[in-house]
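**Q** For reference, the structure I am asking about is given below.
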Amino acid sequence: MIRRINRVAVLGSGVMGSGIACHMANVGIEVLLIDIIPHELTKEEIAKGLSMEDKVVRNRIVNNSLSSALKSKPSPIYKKEFAGRITTGNFSDDLDKIADYDWIIEVVVEKLDIKKTVLAKVDARRKKGSIVTTNTSGISVEDMIEGRSDDFKANFCGTHFFNPPRYLQLFEIIPTSRTNENVISFLKKFSEKFLGKIPVIAKNTPAFIANRVGTFSIMELFNNVDSYGLTIPEIDKLTGPVIGRAKSATFRTADIVGLDTLVHVANNIKELTSDESNDIYKTPDYLQKMIENNWLGSKTGQGFYKKVIKDGIKKFKSIDFDTLEYKETPKPKFTVFEKTKSIDNHDDRLPVLISDKGKAGDFYRSTFFSLFQFVSNRIPEITDDIYKIDSAMNSGFGWKSGPFQSWDALGIASTVEAMEEAGKKPADWVYNMIGSGKDSFYIIKDGYKYCYDIESGEYKIIPGQEGKLSLEILRRSNILWENHDITICDLGDGVINAEFHTKMNTIGAGVLEGLNKAVDMAEENYKGLVISNEGDHFSAGANVGMIYMLAIEQEWEELDLAVQWFQKTMMRMRYSSIPVIAAPHGMTLGGGCELCMHSDMVIAHAESYIGLVEFGVGLIPGGGGTKEFAVRLSDELNKGDIRTNAFLNRYLSIGQAKVSTSAHEAFDLGYLRNGTDQVIISRNHQLAFAKNAILQFESKGYTRPIPRNDVRVLGKEVLGMVYVGADGFTTAKYMSEHDKLIAEKLGLVMAGGEISEALTEVSEQYLLDLERKAFLELCSTRKTLERIQSLITKGSILRN
């Protein structure tokens with residue numbers, strides 16, 4: 001039987017329940033979200049003459065919860081309209097409806113007796129074969145099936161979404177002793193392909209995998225702060241991006257999660273486990289006092305950090321562990337960072353960091369050795385497989401390298417020796433592995449990643465790699481050409497990929513050289529070109545540092561040639577004799593957006609934040625983006641349209657530097673094209689999907705497009721509106737004089753210049769020349785250079 005999930009019922013509308021409901025709606029699923037009815041009327045309901053029998057009253061709790069979720073930031077929904085896929089109800093009136101649903105997810109309060117009561121009611125109403133799961137972060141799923149029917153038991157398991165469900169990829173699946181293996185297999189595939197998750201099968205142990213390891217890592221640090229001699233900002237500096245972890249690092253993350261929540265999880269683990277690390281989960285005195293003072297983090301306004309505004313300046317003070325007073329501390333500085341600042345890869349930094357002779361090195365040795373000892377001892381308790389621990393930490397806690405991946409980066413054998421000296425010996429199986437001559441937990445062989453298997457003592461292929469493409473693996477043997485900024489790789493079947501390697505994947509001379517080379521190679525010997533990468537973001541845009549240097553030195557001819565080269569490269573993407581597909585993800589800004597707009601097709605990951613943001617640095621899009629908006633406006637205009645409104649809609653996307661909050665929203669803003677570009681939920685399947693799209697182009701026959709000479713522009717018909725609007729906003733002080741200048745330049749290009757007759761046809765090259773001229777003129781202004789300098793030196797947008 002082929003399972004299909006068309007309708008999902010979510011029982012419980014708290015933060016997690018509403019978040020899960022929104023994400024199900026994100027992917028096109030019809031959702032029923034229900035919660036309890038309120039116990040009494042509010043004053044407002046009494047004033048309106050409502051009773052406890054009115055539907056608006058009975059659904060008040062669920063509707064308020066969903067409304068609160070939809071207003072939260074970052075948004076749980078890809079697009080506001082998608083919330084219409086969610087129907088709300090209550091347990092008393094609507095629970096019978098679950099008989100028509102394919103997957104029922106229980107997300108009520110984390111108390112076993114309440115969960116069991118709800119699940120008993122579900123068992124009595126569900127249809128045979130429907131999947132039932134509990135979203136729990138630590139309660140035993142085995143205890144929940146007592147007294148349930150055989151069919152319920154066969155189709156029931158735990159599913160642990162991480163908060164927020166839209167953004168965190170980890171999806172822990174916890175089978176019971178009675179769960180049908182087909183259900184587990186289905187949930188693995190469905191969660192990955194349809195929900196964009198990283199599924200990890202966990203054993204039914206306290207806190208499962210990610211929270212067990214993550215909570216240990218945090219509590220081990222909390223209980224040893226006295227020995228480090230470091231301030232809170234210093235520890236956050238050491239545990240953030242420098243080692244491939246989230247910018248919020250340790251203490252800021254704790255504040256976001258809530259100190260009471262963190263202690264609750266730790267207490268639960270301490271109570272339910274009796275391993276060698278049990279004492280680590282105890283609450284240190286300073287943390288207990290903070291909780292008693294209600295200093296719980298962001299939700300109470302202060303935790304480890306406290307925001308203070310003095311004389312209009314916002315500052316963050318951090319708590320002193322000894323006095324529990326909030327203090328300003330100097331900006332963290334460690335001499336070892338001078339040695340690592342030129343090392344881009346976080347794994348390559350680790351050996352340098354851990355060998356440091358100062359406080360930083362002491363800290364890293366202590367925390368990493370404790371972590372390595374802990375995770376080695378948790379196998380086979382929480383999982384039989386090394387890779388599952390790393391995968392859980394990668395996707396649940398945002399660690400770019402999990403514990404065993406970091407251990408590999410440091411060298412297993414030499415690290416074990418250091419651990420022994422520190423009194424932190426790992427589990428016996430690690431010594432058995434070293435003794436067998438194996439020197440890494442992971443290897444790549446025959447195009448697949450393998451992981452050491454403890455039971456057999458051999459490397460076994462990590463399951464689930466079929467149907468996916470990994471540039472990390474392909475780079476090992478399939479590189480066709482590369483420079484410092486870009487790598488061209490063979491994806492197989494006549495398709496090649498161009499991958500950026502610059503900081504934030506910005507586009508400069510090296511990337512432009514590589515893109516042109518990739519098109520040359522594809523036109524000569526291949527079927528098509530994909531542009532994708534595995535960085536955090538697709539591209540933050542053009543290299544503004546290069547633009548600033550040329551402008552400040554008044555190298556106008558060279559700057560003109562550089563902008564021309566960018567434009568010509570974009571047009572080369574558009575008018576090559578092979579199909580070009582862009583596969584963006586994350587930030588896709590400025591020049592990265594322009595690259596997508598000039599591709600034959602965009603296969604965008606759902607979490608793509610796309611926009612032309614040049615206005616913020618005092619410029620207009622100069623790599624063909626402004627031209628392309630004029631072209632798309634021309635193609636969208638129909639007889640009878642109010643042309644000024646259509647123009648204004650497109651103009652404001654650039655003029656207000658709008659960035660989509662998802663790939664779906666990018667269609668409304670004009671960055672993606674309906675009927676041409678596509679959105680994919682699974683990041684892991686994106687590259688393979690893009691490759692297959694190239695093969696489909698080739699299969700049906702691809703013909704090189706013809707450069708456009710038929711772009712209809714509106715000229716003076718809309719220019720007056722632009723000038724009057726900009727002048728009005730400036731007079732009202734909503735815009736500066738320089739904003740007005742940029743707005744007028746943008747309008748001039750999008751309108752096709754001061755052409756008298758609307759719908760006059762012009763060429764793309766004509767528009768590109770207008771665009772480049774306006775771009776260069778803005779580069780020659782002092783205020784634009786000040787804006788660019790502010791972005792480069794401070795990372796902030798200056799409004800001057």
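Residue numbering restarts at 1 for every chain of the structure tokens, chains are lettered A, B, ... in their displayed order, and ligands are numbered from 1 as they appear.
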Applying 10 Å and only C-alpha atoms, which residues near Thr644 in chain A remain after dropping the ones on its own chain fewer than 5 positions away? List them as number ranges by chain.
**A** A: 649, 714, 717-719, 721-722
**Q** Under the rule of at most 10 Å, produce a per-residue listing of range 500-616 of chain A near range 193-206 of chain A: chain, number, name, the closest pair of atoms, and the distance in Å, as a tab-separated table, using only C-alpha atoms.
**A**
residue	atom	partner	partner_atom	distance
A:His605	CA	A:Gly196	CA	9.4
A:Ala606	CA	A:Gly196	CA	8.8
A:Glu607	CA	A:Gly196	CA	9.8
**Q** Find the residues near Ser395 in chain A: any atom within 10 Å, counting only C-alpha atoms, skip ones fewer than 2 places away on the same chain, and give them as a list in words.
**A**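 Contacts, with the query itself left out: Phe162, Tyr167, Leu168, Gln169, Leu170, Phe171, Lys197, Ile198, Pro199, Val200, Ala210, Asp390, Ser391, Ala392, Met393, Phe397, Gly398, Trp399, Lys400 and Gly402 of chain A.
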**Q** Just the number, please: distance in Å from CA of Tyr575 in chain A to CA of Asn483 in chain A, one decimal.
**A**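 These two atoms are separated by 24.1 Å.
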**Q** Near range 363-374 of chain A, counting only C-alpha atoms, which residues have an atom at most 7 Å away, once you skip same-chain residues fewer than 2 positions from it, shown as a VMD selection string?
**A** chain A and resid 217 228 354 359 to 361 376 to 378 403 419 424 to 427
**Q** Would you put the residues from that selection into a file with all heavy atoms, as a short mmCIF file (atom, residue, chain, number, x, y, z; two decimals), in the first residue's frame?
**A**
data_model
loop_
_atom_site.label_atom_id
_atom_site.label_comp_id
_atom_site.auth_asym_id
_atom_site.auth_seq_id
_atom_site.Cartn_x
_atom_site.Cartn_y
_atom_site.Cartn_z
N SER A 217 26.38 19.05 27.02
CA SER A 217 27.40 20.02 26.62
C SER A 217 27.22 21.34 27.36
O SER A 217 28.20 21.94 27.83
CB SER A 217 27.34 20.24 25.10
OG SER A 217 28.33 21.14 24.68
N TYR A 228 37.40 27.85 34.40
CA TYR A 228 37.84 28.42 33.12
C TYR A 228 38.47 29.80 33.28
O TYR A 228 39.32 30.20 32.48
CB TYR A 228 36.66 28.54 32.14
CG TYR A 228 35.95 27.25 31.85
CD1 TYR A 228 34.57 27.21 31.73
CD2 TYR A 228 36.66 26.06 31.70
CE1 TYR A 228 33.89 26.02 31.46
CE2 TYR A 228 35.99 24.86 31.43
CZ TYR A 228 34.61 24.86 31.33
OH TYR A 228 33.95 23.69 31.08
N ILE A 354 42.82 24.00 19.78
CA ILE A 354 42.94 23.09 20.91
C ILE A 354 44.39 22.95 21.39
O ILE A 354 44.65 22.52 22.52
CB ILE A 354 42.34 21.71 20.54
CG1 ILE A 354 41.71 21.08 21.79
CG2 ILE A 354 43.36 20.79 19.91
CD1 ILE A 354 40.67 20.03 21.48
N LYS A 359 44.30 30.44 27.88
CA LYS A 359 43.00 30.09 28.44
C LYS A 359 42.08 29.46 27.39
O LYS A 359 41.28 28.57 27.71
CB LYS A 359 42.32 31.34 29.02
CG LYS A 359 42.86 31.80 30.37
CD LYS A 359 42.02 32.95 30.90
CE LYS A 359 42.50 33.40 32.28
NZ LYS A 359 41.66 34.50 32.80
N ALA A 360 42.17 29.94 26.15
CA ALA A 360 41.32 29.39 25.10
C ALA A 360 41.60 27.91 24.89
O ALA A 360 40.68 27.09 24.83
CB ALA A 360 41.52 30.17 23.80
N GLY A 361 42.87 27.56 24.81
CA GLY A 361 43.24 26.16 24.63
C GLY A 361 42.81 25.30 25.81
O GLY A 361 42.31 24.18 25.62
N SER A 376 31.07 8.90 23.37
CA SER A 376 31.56 7.53 23.15
C SER A 376 30.89 6.57 24.13
O SER A 376 30.62 5.41 23.78
CB SER A 376 33.09 7.48 23.30
OG SER A 376 33.51 7.66 24.65
N ASN A 377 30.58 7.05 25.33
CA ASN A 377 29.91 6.21 26.32
C ASN A 377 28.41 6.07 26.09
O ASN A 377 27.77 5.21 26.70
CB ASN A 377 30.14 6.77 27.73
CG ASN A 377 31.53 6.51 28.25
OD1 ASN A 377 32.14 5.49 27.93
ND2 ASN A 377 32.06 7.43 29.04
N ARG A 378 27.84 6.89 25.23
CA ARG A 378 26.39 6.81 25.00
C ARG A 378 26.04 5.83 23.88
O ARG A 378 24.87 5.64 23.56
CB ARG A 378 25.82 8.20 24.67
CG ARG A 378 25.95 9.22 25.78
CD ARG A 378 25.03 8.99 26.97
NE ARG A 378 25.37 7.87 27.81
CZ ARG A 378 26.37 7.84 28.70
NH1 ARG A 378 27.17 8.89 28.86
NH2 ARG A 378 26.60 6.78 29.44
N PRO A 403 30.06 15.88 17.35
CA PRO A 403 31.20 15.45 18.18
C PRO A 403 32.19 14.55 17.44
O PRO A 403 33.41 14.77 17.53
CB PRO A 403 30.52 14.70 19.33
CG PRO A 403 29.14 15.27 19.40
CD PRO A 403 28.77 15.59 17.99
N MET A 419 43.29 12.93 25.89
CA MET A 419 42.16 12.69 26.80
C MET A 419 42.60 11.86 28.01
O MET A 419 42.17 12.12 29.14
CB MET A 419 41.02 11.99 26.06
CG MET A 419 40.30 12.87 25.03
SD MET A 419 39.19 11.94 23.95
CE MET A 419 37.94 11.40 25.12
N LYS A 424 40.20 11.71 31.04
CA LYS A 424 38.88 11.59 30.39
C LYS A 424 38.93 10.52 29.30
O LYS A 424 38.71 10.80 28.12
CB LYS A 424 38.45 12.95 29.82
CG LYS A 424 38.29 14.03 30.89
CD LYS A 424 37.88 15.37 30.30
CE LYS A 424 37.72 16.41 31.40
NZ LYS A 424 37.30 17.74 30.87
N LYS A 425 39.21 9.31 29.70
CA LYS A 425 39.33 8.20 28.75
C LYS A 425 37.99 7.94 28.06
O LYS A 425 36.94 7.97 28.68
CB LYS A 425 39.77 6.92 29.47
CG LYS A 425 41.21 6.92 29.94
CD LYS A 425 41.56 5.61 30.62
CE LYS A 425 41.45 4.44 29.63
NZ LYS A 425 41.93 3.17 30.24
N PRO A 426 38.04 7.67 26.75
CA PRO A 426 36.81 7.35 26.02
C PRO A 426 36.41 5.89 26.27
O PRO A 426 37.11 5.14 26.97
CB PRO A 426 37.19 7.58 24.57
CG PRO A 426 38.66 7.28 24.52
CD PRO A 426 39.21 7.74 25.85
N ALA A 427 35.31 5.47 25.65
CA ALA A 427 34.80 4.10 25.79
C ALA A 427 35.76 3.09 25.16
O ALA A 427 36.56 3.44 24.27
CB ALA A 427 33.42 4.00 25.16
#
**Q** Within 6 Å of Gly622 in chain A, counting only C-alpha atoms, which residues show up once you throw out same-chain ones fewer than 6 positions away? Write them as a list in words, please.
**A**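 Residues meeting the cut-off are Glu771, Arg772 and Phe775 of chain A.
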**Q** Just list as a PyMOL selection string whatever in range 177-249 of chain A DSSP marks as strand (DSSP E or B).
**A** chain A and resi 198-201
**Q** Which polymer residues have any atom within 9 Å of an atom of Val430 in chain A, counting only C-alpha atoms, with same-chain residues fewer than 2 positions away left out, as a PyMOL selection string?
**A** chain A and resi 376+412+416+426-428+432-435+454
**Q** Using N, CA and C atoms, can you export the residues from the last selection as a PDB file, in the first residue's frame?
**A**
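That gives us result.pdb:
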ATOM      1  N   SER A 376      31.068   8.896  23.366  1.00  0.00           N
ATOM      2  CA  SER A 376      31.561   7.531  23.151  1.00  0.00           C
ATOM      3  C   SER A 376      30.895   6.567  24.126  1.00  0.00           C
ATOM      4  N   ILE A 412      41.934  11.041  15.740  1.00  0.00           N
ATOM      5  CA  ILE A 412      41.374  10.221  16.818  1.00  0.00           C
ATOM      6  C   ILE A 412      42.450   9.774  17.811  1.00  0.00           C
ATOM      7  N   VAL A 416      42.904  10.832  21.746  1.00  0.00           N
ATOM      8  CA  VAL A 416      42.704   9.863  22.834  1.00  0.00           C
ATOM      9  C   VAL A 416      43.857   9.939  23.830  1.00  0.00           C
ATOM     10  N   PRO A 426      38.038   7.675  26.747  1.00  0.00           N
ATOM     11  CA  PRO A 426      36.809   7.348  26.023  1.00  0.00           C
ATOM     12  C   PRO A 426      36.410   5.888  26.266  1.00  0.00           C
ATOM     13  N   ALA A 427      35.306   5.471  25.646  1.00  0.00           N
ATOM     14  CA  ALA A 427      34.800   4.105  25.794  1.00  0.00           C
ATOM     15  C   ALA A 427      35.756   3.095  25.162  1.00  0.00           C
ATOM     16  N   ASP A 428      35.637   1.847  25.562  1.00  0.00           N
ATOM     17  CA  ASP A 428      36.538   0.791  25.082  1.00  0.00           C
ATOM     18  C   ASP A 428      36.482   0.605  23.575  1.00  0.00           C
ATOM     19  N   ASN A 432      39.364  -0.250  20.559  1.00  0.00           N
ATOM     20  CA  ASN A 432      39.263  -1.380  19.625  1.00  0.00           C
ATOM     21  C   ASN A 432      39.371  -0.897  18.187  1.00  0.00           C
ATOM     22  N   MET A 433      38.758   0.222  17.915  1.00  0.00           N
ATOM     23  CA  MET A 433      38.797   0.803  16.571  1.00  0.00           C
ATOM     24  C   MET A 433      40.220   1.210  16.202  1.00  0.00           C
ATOM     25  N   ILE A 434      40.877   1.914  17.111  1.00  0.00           N
ATOM     26  CA  ILE A 434      42.263   2.332  16.854  1.00  0.00           C
ATOM     27  C   ILE A 434      43.156   1.111  16.684  1.00  0.00           C
ATOM     28  N   GLY A 435      42.940   0.103  17.513  1.00  0.00           N
ATOM     29  CA  GLY A 435      43.752  -1.106  17.446  1.00  0.00           C
ATOM     30  C   GLY A 435      43.601  -1.873  16.152  1.00  0.00           C
ATOM     31  N   ILE A 454      30.349   0.110  15.037  1.00  0.00           N
ATOM     32  CA  ILE A 454      30.965  -0.440  16.245  1.00  0.00           C
ATOM     33  C   ILE A 454      30.770  -1.947  16.356  1.00  0.00           C
TER      34      ILE A 454
END
**Q** May I have the residues within 7 Å of Tyr305 in chain A as a PyMOL selection string, using only C-alpha atoms and disregarding those fewer than 5 positions away in the same chain?
**A** chain A and resi 316-319
**Q** Kindly indicate which residue among A:Arg252, A:His23, A:Lys449, A:Lys517 lies nearest to Phe82 in chain A, using only C-alpha atoms for the distances.
**A**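 Residue with the minimum atom-to-atom distance to Phe82 in chain A: A:His23.
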**Q** For the alpha helix (DSSP H) assignment from backbone DSSP, which residues of range 560-633 of chain A qualify? Please present them as number ranges by chain.
**A** A: 560-574, 591-597, 625-633
**Q** Quick one, how far is CA of Tyr326 in chain A from CA of Gly297 in chain A?
**A** 13.2 Å
**Q** With distances taken over only C-alpha atoms, which of A:Glu534, A:Glu106, A:Glu458, A:Asp94 is nearest to Arg475 in chain A?
**A**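 Smallest separation from Arg475 in chain A among the options: A:Glu534.
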**Q** Counting only C-alpha atoms, figure out which residue out of A:Gly715, A:Gly640, A:Gly590, A:Pro74 gets nearest to Tyr671 in chain A.
**A** A:Gly590
**Q** Kindly give the distance, in Å, that separates CA of Leu287 in chain A and CA of Ser227 in chain A, rounded to a single decimal.
**A** 16.2 Å
**Q** Which of these residues is nearest to Gly795 in chain A, using only C-alpha atoms: A:Ile389, A:Ile507, A:Lys445, A:Val617?
**A**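 So, comparing all the options, the nearest one is A:Val617.
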**Q** Go through A:Val263, A:Ala562, A:Ile473, A:Leu272 one by one, measure the shortest atom-to-atom distance of each to Pro284 in chain A using only C-alpha atoms, and give the residue with the smallest value.
**A**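 Of the candidates, the smallest distance to Pro284 in chain A is held by A:Val263.
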